Every structure is written in C-alpha cells, then in structure tokens.
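Okay, entry_4.csv now, which holds CSV, C-alpha atoms:
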chain,number,residue,atom,x,y,z
A,28,LYS,CA,117.0,119.1,91.9
A,29,ALA,CA,115.7,122.5,90.7
A,30,GLY,CA,114.4,124.9,93.4
A,31,VAL,CA,111.3,127.0,93.3
A,32,THR,CA,111.4,129.4,90.4
A,33,GLN,CA,109.5,132.7,90.3
A,34,THR,CA,109.0,135.0,87.4
A,35,PRO,CA,109.4,137.8,86.8
A,36,ARG,CA,112.0,138.8,89.4
A,37,TYR,CA,111.3,142.5,89.2
A,38,LEU,CA,108.5,144.5,87.7
A,39,ILE,CA,107.1,148.0,87.8
A,40,LYS,CA,103.5,148.8,87.4
A,41,THR,CA,101.3,151.9,87.8
A,42,ARG,CA,98.2,152.3,90.0
A,43,GLY,CA,95.1,150.7,88.6
A,44,GLN,CA,97.0,148.1,86.5
A,45,GLN,CA,97.0,144.4,87.2
A,46,VAL,CA,99.8,142.0,87.5
A,47,THR,CA,100.3,138.2,87.2
A,48,LEU,CA,103.2,136.4,89.0
A,49,SER,CA,104.3,132.9,88.3
A,50,CYS,CA,105.7,130.2,90.4
A,51,SER,CA,107.1,126.8,89.5
A,52,PRO,CA,107.4,124.5,92.6
A,53,ILE,CA,110.0,121.9,93.2
A,54,SER,CA,109.3,118.7,91.3
A,55,GLY,CA,107.0,116.5,93.3
A,56,HIS,CA,105.7,119.3,95.6
A,57,ARG,CA,102.0,119.6,95.2
A,58,SER,CA,101.4,122.5,97.7
A,59,VAL,CA,102.2,126.1,96.7
A,60,SER,CA,101.8,129.0,99.1
A,61,TRP,CA,102.1,132.7,98.5
A,62,TYR,CA,103.4,135.3,100.9
A,63,GLN,CA,103.6,139.1,100.7
A,64,GLN,CA,106.8,140.6,102.4
A,65,THR,CA,107.0,144.2,103.2
A,66,PRO,CA,109.3,146.2,105.6
A,67,GLY,CA,107.7,146.3,109.1
A,68,GLN,CA,105.0,143.8,108.3
A,69,GLY,CA,107.2,140.8,107.6
A,70,LEU,CA,105.7,138.0,105.7
A,71,GLN,CA,101.9,137.7,105.5
A,72,PHE,CA,100.2,134.6,104.2
A,73,LEU,CA,98.1,135.1,101.0
A,74,PHE,CA,96.9,131.7,100.1
A,75,GLU,CA,97.8,128.1,99.6
A,76,TYR,CA,96.9,125.8,96.7
A,77,PHE,CA,97.0,122.0,96.6
A,78,SER,CA,95.8,119.9,93.6
A,79,GLU,CA,94.4,123.0,91.9
A,80,THR,CA,92.3,123.9,94.9
A,81,GLN,CA,92.7,126.8,97.3
A,82,ARG,CA,93.2,125.2,100.6
A,83,ASN,CA,93.8,128.2,102.9
A,84,LYS,CA,93.4,131.9,102.4
A,85,GLY,CA,94.9,134.8,104.4
A,86,ASN,CA,93.3,138.1,105.2
A,87,PHE,CA,93.7,140.0,101.9
A,88,PRO,CA,91.1,141.7,99.7
A,89,GLY,CA,89.6,140.0,96.8
A,90,ARG,CA,91.9,141.9,94.4
A,91,PHE,CA,94.4,139.2,95.3
A,92,SER,CA,93.7,135.9,93.6
A,93,GLY,CA,95.6,132.8,92.5
A,94,ARG,CA,95.3,129.5,90.8
A,95,GLN,CA,97.2,126.3,90.4
A,96,PHE,CA,97.5,124.2,87.3
A,97,SER,CA,97.6,120.4,87.0
A,98,ASN,CA,101.4,120.4,86.9
A,99,SER,CA,101.4,122.3,90.3
A,100,ARG,CA,102.6,125.5,88.8
A,101,SER,CA,100.9,128.5,90.3
A,102,GLU,CA,100.1,132.0,89.4
A,103,MET,CA,98.8,134.9,91.5
A,104,ASN,CA,97.1,138.0,90.2
A,105,VAL,CA,96.6,141.4,91.7
A,106,SER,CA,94.1,143.6,90.1
A,107,THR,CA,93.6,147.3,90.4
A,108,LEU,CA,97.0,147.8,91.9
A,109,GLU,CA,97.5,150.2,94.8
A,110,LEU,CA,100.7,151.9,96.0
A,111,GLY,CA,100.5,149.7,99.1
A,112,ASP,CA,100.8,146.6,97.0
A,113,SER,CA,104.5,147.3,96.5
A,114,ALA,CA,106.2,144.3,98.0
A,115,LEU,CA,108.3,141.2,97.6
A,116,TYR,CA,105.9,138.4,96.7
A,117,LEU,CA,107.3,135.0,97.8
A,118,CYS,CA,106.2,131.6,96.6
A,119,ALA,CA,106.9,128.5,98.6
A,120,SER,CA,106.3,124.9,97.8
A,121,SER,CA,106.1,121.9,100.1
A,122,LEU,CA,105.1,118.3,100.3
A,123,ALA,CA,101.4,118.2,101.0
A,124,THR,CA,101.1,116.8,104.5
A,125,MET,CA,98.8,117.4,107.4
A,126,THR,CA,101.7,118.1,109.7
A,127,ALA,CA,103.7,121.3,109.1
A,128,GLY,CA,106.6,120.5,106.8
A,129,GLU,CA,109.4,122.6,105.5
A,130,LEU,CA,108.5,125.4,103.1
A,131,PHE,CA,111.0,125.9,100.2
A,132,PHE,CA,111.0,129.5,99.0
A,133,GLY,CA,111.7,131.0,95.7
A,134,GLU,CA,113.7,134.2,95.4
A,135,GLY,CA,110.6,136.3,95.0
A,136,SER,CA,109.0,138.7,92.6
A,137,ARG,CA,109.6,142.3,93.6
A,138,LEU,CA,106.7,144.5,92.6
A,139,THR,CA,106.9,148.3,92.6
A,140,VAL,CA,103.7,150.2,92.1
A,141,LEU,CA,104.1,153.8,91.0
B,8,ALA,CA,94.7,132.7,116.7
B,9,GLN,CA,98.4,132.3,116.1
B,10,SER,CA,100.9,135.1,116.3
B,11,VAL,CA,104.7,135.4,116.5
B,12,THR,CA,106.6,138.2,118.2
B,13,GLN,CA,110.2,138.8,117.5
B,14,LEU,CA,111.8,141.1,120.1
B,15,GLY,CA,114.3,143.5,118.5
B,16,SER,CA,114.1,144.3,114.8
B,17,HIS,CA,117.8,144.9,114.7
B,18,VAL,CA,120.5,143.0,116.7
B,19,SER,CA,124.2,143.7,116.5
B,20,VAL,CA,126.9,141.4,117.8
B,21,SER,CA,130.7,141.3,117.5
B,22,GLU,CA,132.3,138.5,115.5
B,23,GLY,CA,132.8,135.6,117.9
B,24,ALA,CA,130.1,136.7,120.3
B,25,LEU,CA,127.0,134.9,121.3
B,26,VAL,CA,124.0,135.4,119.0
B,27,LEU,CA,120.5,135.4,120.7
B,28,LEU,CA,117.4,136.2,118.7
B,29,ARG,CA,114.2,136.1,120.6
B,30,CYS,CA,110.9,134.7,119.5
B,31,ASN,CA,107.6,134.3,121.4
B,32,TYR,CA,104.5,132.7,120.0
B,33,SER,CA,100.9,132.3,120.8
B,34,SER,CA,99.0,129.3,119.7
B,35,SER,CA,95.9,127.5,120.9
B,36,VAL,CA,97.4,124.1,120.3
B,37,PRO,CA,101.0,122.6,120.4
B,38,PRO,CA,102.6,124.4,117.5
B,39,TYR,CA,105.2,123.6,115.0
B,40,LEU,CA,108.0,126.2,115.2
B,41,PHE,CA,110.5,127.3,112.6
B,42,TRP,CA,113.4,129.6,112.1
B,43,TYR,CA,114.2,130.8,108.6
B,44,VAL,CA,117.1,133.0,107.4
B,45,GLN,CA,117.0,135.4,104.4
B,46,TYR,CA,120.1,136.7,102.7
B,47,PRO,CA,119.8,139.9,100.6
B,48,ASN,CA,117.8,139.4,97.4
B,49,GLN,CA,117.1,135.8,98.2
B,50,GLY,CA,114.2,133.7,99.4
B,51,LEU,CA,114.0,132.2,102.9
B,52,GLN,CA,116.0,129.2,103.9
B,53,LEU,CA,115.1,126.9,106.7
B,54,LEU,CA,117.5,127.0,109.7
B,55,LEU,CA,115.7,124.6,112.0
B,56,LYS,CA,112.3,123.4,113.1
B,57,TYR,CA,110.6,122.1,116.2
B,58,THR,CA,108.0,119.4,115.8
B,59,SER,CA,107.3,118.1,119.3
B,60,ALA,CA,110.4,115.9,119.5
B,61,ALA,CA,113.4,117.1,121.5
B,62,THR,CA,112.9,120.6,123.0
B,63,LEU,CA,116.5,121.6,122.0
B,64,VAL,CA,116.7,121.7,118.2
B,65,LYS,CA,119.9,121.9,116.3
B,66,GLY,CA,120.0,123.4,112.9
B,67,ILE,CA,122.3,124.3,110.1
B,68,ASN,CA,125.4,126.6,110.4
B,69,GLY,CA,125.7,126.0,114.2
B,70,PHE,CA,122.4,127.5,115.2
B,71,GLU,CA,120.1,125.9,117.7
B,72,ALA,CA,116.8,126.8,119.4
B,73,GLU,CA,115.1,125.7,122.5
B,74,PHE,CA,111.3,125.3,122.8
B,75,LYS,CA,110.0,126.4,126.2
B,76,LYS,CA,106.3,125.8,126.5
B,77,SER,CA,106.0,127.6,129.9
B,78,GLU,CA,107.4,130.7,128.4
B,79,THR,CA,105.9,130.2,124.9
B,80,SER,CA,109.3,131.0,123.5
B,81,PHE,CA,111.6,129.6,120.8
B,82,HIS,CA,114.7,131.7,120.9
B,83,LEU,CA,117.5,131.1,118.4
B,84,THR,CA,121.1,131.0,119.5
B,85,LYS,CA,124.6,130.5,118.1
B,86,PRO,CA,127.7,130.4,120.4
B,87,SER,CA,130.0,132.3,118.2
B,88,ALA,CA,128.9,134.7,115.4
B,89,HIS,CA,130.5,134.7,112.1
B,90,MET,CA,130.5,137.5,109.5
B,91,SER,CA,128.5,135.2,107.2
B,92,ASP,CA,125.6,135.1,109.7
B,93,ALA,CA,124.6,138.7,108.8
B,94,ALA,CA,121.1,138.3,107.5
B,95,GLU,CA,117.4,138.7,108.3
B,96,TYR,CA,116.0,136.0,110.6
B,97,PHE,CA,112.3,135.0,110.8
B,98,CYS,CA,110.5,132.9,113.4
B,99,ALA,CA,107.4,131.1,112.2
B,100,VAL,CA,104.6,129.0,113.7
B,101,SER,CA,102.1,126.6,112.2
B,102,GLU,CA,99.4,124.5,113.8
B,103,GLY,CA,99.6,122.0,110.9
B,104,GLY,CA,99.3,122.1,107.2
B,105,ASN,CA,101.2,124.7,105.2
B,106,GLN,CA,99.8,127.9,106.5
B,107,PHE,CA,102.6,129.6,108.5
B,108,TYR,CA,102.6,132.8,110.6
B,109,PHE,CA,105.8,134.7,110.5
B,110,GLY,CA,107.3,137.3,112.8
B,111,THR,CA,108.4,140.6,111.5
B,112,GLY,CA,112.0,139.5,111.4
B,113,THR,CA,115.2,140.4,113.1
B,114,SER,CA,118.1,141.9,111.1
B,115,LEU,CA,121.4,140.6,112.4
B,116,THR,CA,124.6,142.6,112.0
B,117,VAL,CA,127.9,141.1,112.8
B,118,ILE,CA,130.7,143.6,113.6
B,119,PRO,CA,134.2,142.6,112.8

Can I see the file as structure tokens?
Amino acid sequence: KAGVTQTPRYLIKTRGQQVTLSCSPISGHRSVSWYQQTPGQGLQFLFEYFSETQRNKGNFPGRFSGRQFSNSRSEMNVSTLELGDSALYLCASSLATMTAGELFFGEGSRLTVL
Amino acid sequence: AQSVTQLGSHVSVSEGALVLLRCNYSSSVPPYLFWYVQYPNQGLQLLLKYTSAATLVKGINGFEAEFKKSETSFHLTKPSAHMSDAAEYFCAVSEGGNQFYFGTGTSLTVIP
C-alpha cells in the first residue's frame, strides 16, 4: 500500500512569490491535514480537509489556503511568500473518524524563501 | 484550549541506558495522546497512542508510555536505548477528529 506522497520535496522561492504544494493520501483515506514544521515551533496545524471541505483550520493568515479534490488529493497554496514561511510542510492522511485516529505523514515539502 | 509541553529539547543517553522523554498536556476533556518519531529527512511515524483504554501503552521498537491523569503527563520510556533510537520525538494531543496539537519535540542522541 503506497504511503502519503508529497511533491515537490524541495523548492526555493523568493519573497512575494506564491507556491503550491501537493499531497496524495493513502488510498481510502478521506481526511488530509497540513502542518507547518519549523525549528523551535514544532508542528503547527494549518488545516484539515474531508470530502473536499475544510473541516478545521489553524491560526494562520489568509495567505495560506488549501483545497481537496474528489479523489482526496489535496493542495495547499501560500501567496505573497515571506521569509518566515520557510519551513517543512507536512501532509498527513487518516481515516475520517470522530475519534482521533492515526495520522500517516508524508516526507514533507521543504520550502526555502529567499 | 489544548497544548503540549515537552520538557527538554535535547536529551542524550548512553547506549543501553533508560530513555525518558517527558510530555505534559492540557486539555479540557479526556484527550487522545500520541507519540510520534521523526528520522532525518522523513515524515513522522506513530510510536504509540493512548485512547482511554489501558493507561500503560506499549508501542513499536520497545517504547511505552504511561497516561497519568492526575499529573496530566504522558511520558515516553524505553528500558535500553539503541543507536537506532536517535531521532526527534513528538508528543501530540487531540480531543477528537484529526486536529492534533504537537509539542515542540525532543531530539534524542544516543552515545555509544
């Protein structure tokens, strides 16, 4: 069974640009969550999508957005990039349950903003 | 509001020694608690989870954690450290659903 796949793995952008990251969840998983990982801050929840709808959202500015497609694949977009957006962006998929289930993480997309 | 505190951003132990990684949480309801491990350049992998069954939870690779409600703690232990245990460890809490709150992580170094 294939794991969570994130693309691209590495990318470099300059301030003011925008970026789109992609995530393909494990087959059968309908929930996709996104996290930002930075040194010292740990992992911070961005948002969760289920059945193409945003179900939960973390405390990030509106420059951070996402969407989910009918095949459960998800994308997140960051517009008007700032230096502080440099981070590892992790996608996680899970079975959609009301109880907390296991999150399965991809290897992440490492974004560097110059 | 939920939060997770991991005491000690860096922990060093000798190979064969006890591993103890500390995690305290705050939650307004009985939480679900997790420990994840992250190896360099990889995503996170679940070590173990507490979901209100037994308070002592056994995970993979010989790790276990004990839920102590009175102390709001969920410390991770392993009796004997191995070189392959060197990694970053994250404690996480959820009140249900798939929104997790993670601690800032503890980097474990194992000294030969």

Checklist entry - Which chain A residues are at most 10 Å from chain B (counting all atoms listed in the file), as a PyMOL selection string? => result chain A and resi 31+36+58-62+64-77+82-85+115-137

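Residues lying within 7 Å of Gln95 (chain A), counting only C-alpha atoms and ignoring same-chain neighbours fewer than 3 positions away, are Tyr76, Glu79, Ser99, Arg100, Ser101 and Glu102 of chain A.
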
Could you dump the residues just selected with C-alpha atoms as a PDB file, in the coordinates of the input?
ATOM      1  CA  TYR A  76      96.900 125.800  96.700  1.00  0.00           C
ATOM      2  CA  GLU A  79      94.400 123.000  91.900  1.00  0.00           C
ATOM      3  CA  SER A  99     101.400 122.300  90.300  1.00  0.00           C
ATOM      4  CA  ARG A 100     102.600 125.500  88.800  1.00  0.00           C
ATOM      5  CA  SER A 101     100.900 128.500  90.300  1.00  0.00           C
ATOM      6  CA  GLU A 102     100.100 132.000  89.400  1.00  0.00           C
TER       7      GLU A 102
END

Checklist entry - Between B:Asn31, B:Val44, B:Thr62, B:Phe70, which has the minimum distance to Leu83 (chain B) (counting all atoms listed in the file)? => result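 The closest residue to Leu83 (chain B) is B:Phe70.
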
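In this comparison, which uses all atoms listed in the file, the residue of A:Thr34, A:Ser106, A:Ala29, A:Thr139 approaching Leu48 (chain A) most closely is A:Thr34.
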
Next on the checklist: Report, in Å with one decimal, the straight-line distance from CA of Glu73 (chain B) to CA of Cys98 (chain B).
Outcome noted: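 A separation of 12.5 Å between them.
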
Item to check | Pick from B:His89, B:Tyr96, B:Tyr46, B:Thr79, whichever lies nearest to Val117 (chain B) using all atoms listed in the file | outcome: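 The shortest atom-to-atom distance to Val117 (chain B) comes from B:His89.
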
Next on the checklist: Which residue is closest to Ser10 (chain B)? Choose from B:Ser87, B:Asn68, B:Ser59, B:Ser80 and count all atoms listed in the file.
Outcome noted: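 Checking each candidate against Ser10 (chain B), we get B:Ser80 as the closest.
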
First collect every listed atom of region 71-81 of chain A; then fit an axis-aligned box around them, widen it by 5 Å on each side, and give centre and edge lengths in Å to one decimal, as AutoDock Vina command-line options.
--center_x 97.1 --center_y 128.8 --center_z 98.7 --size_x 19.6 --size_y 27.8 --size_z 23.6

Checklist entry - Counting all atoms listed in the file, what is within 7 Å of Ala72 (chain B), bar same-chain residues fewer than 3 positions away, as a VMD selection string? => result chain B and resid 63 to 65 81 to 84

Expected file contents, prior selection, C-alpha atoms, as a short mmCIF file (atom, residue, chain, number, x, y, z; two decimals), in the coordinates of the input:
data_model
loop_
_atom_site.label_atom_id
_atom_site.label_comp_id
_atom_site.auth_asym_id
_atom_site.auth_seq_id
_atom_site.Cartn_x
_atom_site.Cartn_y
_atom_site.Cartn_z
CA LEU B 63 116.50 121.60 122.00
CA VAL B 64 116.70 121.70 118.20
CA LYS B 65 119.90 121.90 116.30
CA PHE B 81 111.60 129.60 120.80
CA HIS B 82 114.70 131.70 120.90
CA LEU B 83 117.50 131.10 118.40
CA THR B 84 121.10 131.00 119.50
#

Next on the checklist: Which residue is closest to Ser113 (chain A)? Choose from A:Gln63, A:Gln33, A:Thr80, A:Gln45 and count all atoms listed in the file.
Outcome noted: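 So, comparing all the options, the nearest one is A:Gln63.
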
Can I get region 15-30 of chain B with N, CA and C atoms filled in, as a compact mmCIF listing (two decimals), in the frame of the given file?
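The resulting file, result15.txt, is reproduced below:
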# COMPACT_ATOMS: atom_id res chain seq x y z
N GLY B 15 113.10 142.90 119.08
CA GLY B 15 114.30 143.50 118.50
C GLY B 15 114.32 143.29 117.00
N SER B 16 114.04 144.36 116.28
CA SER B 16 114.10 144.30 114.80
C SER B 16 115.50 144.32 114.29
N HIS B 17 116.41 144.83 115.13
CA HIS B 17 117.80 144.90 114.70
C HIS B 17 118.67 144.43 115.92
N VAL B 18 119.58 143.51 115.65
CA VAL B 18 120.50 143.00 116.70
C VAL B 18 121.92 143.11 116.08
N SER B 19 122.84 143.67 116.87
CA SER B 19 124.20 143.70 116.50
C SER B 19 125.09 142.96 117.45
N VAL B 20 125.99 142.15 116.94
CA VAL B 20 126.90 141.40 117.80
C VAL B 20 128.31 141.50 117.18
N SER B 21 129.30 141.33 118.00
CA SER B 21 130.70 141.30 117.50
C SER B 21 130.98 139.88 117.01
N GLU B 22 131.85 139.80 116.04
CA GLU B 22 132.30 138.50 115.50
C GLU B 22 132.84 137.68 116.68
N GLY B 23 132.36 136.44 116.80
CA GLY B 23 132.80 135.60 117.90
C GLY B 23 131.92 135.62 119.12
N ALA B 24 131.02 136.58 119.19
CA ALA B 24 130.10 136.70 120.30
C ALA B 24 128.89 135.83 120.18
N LEU B 25 128.18 135.67 121.29
CA LEU B 25 127.00 134.90 121.30
C LEU B 25 125.86 135.61 120.51
N VAL B 26 125.14 134.84 119.70
CA VAL B 26 124.00 135.40 119.00
C VAL B 26 122.72 134.87 119.73
N LEU B 27 121.82 135.78 120.08
CA LEU B 27 120.50 135.40 120.70
C LEU B 27 119.45 136.22 120.02
N LEU B 28 118.57 135.53 119.32
CA LEU B 28 117.40 136.20 118.70
C LEU B 28 116.16 135.61 119.32
N ARG B 29 115.31 136.52 119.75
CA ARG B 29 114.20 136.10 120.60
C ARG B 29 112.89 135.95 119.75
N CYS B 30 112.12 134.94 120.13
CA CYS B 30 110.90 134.70 119.50
C CYS B 30 109.86 134.15 120.49
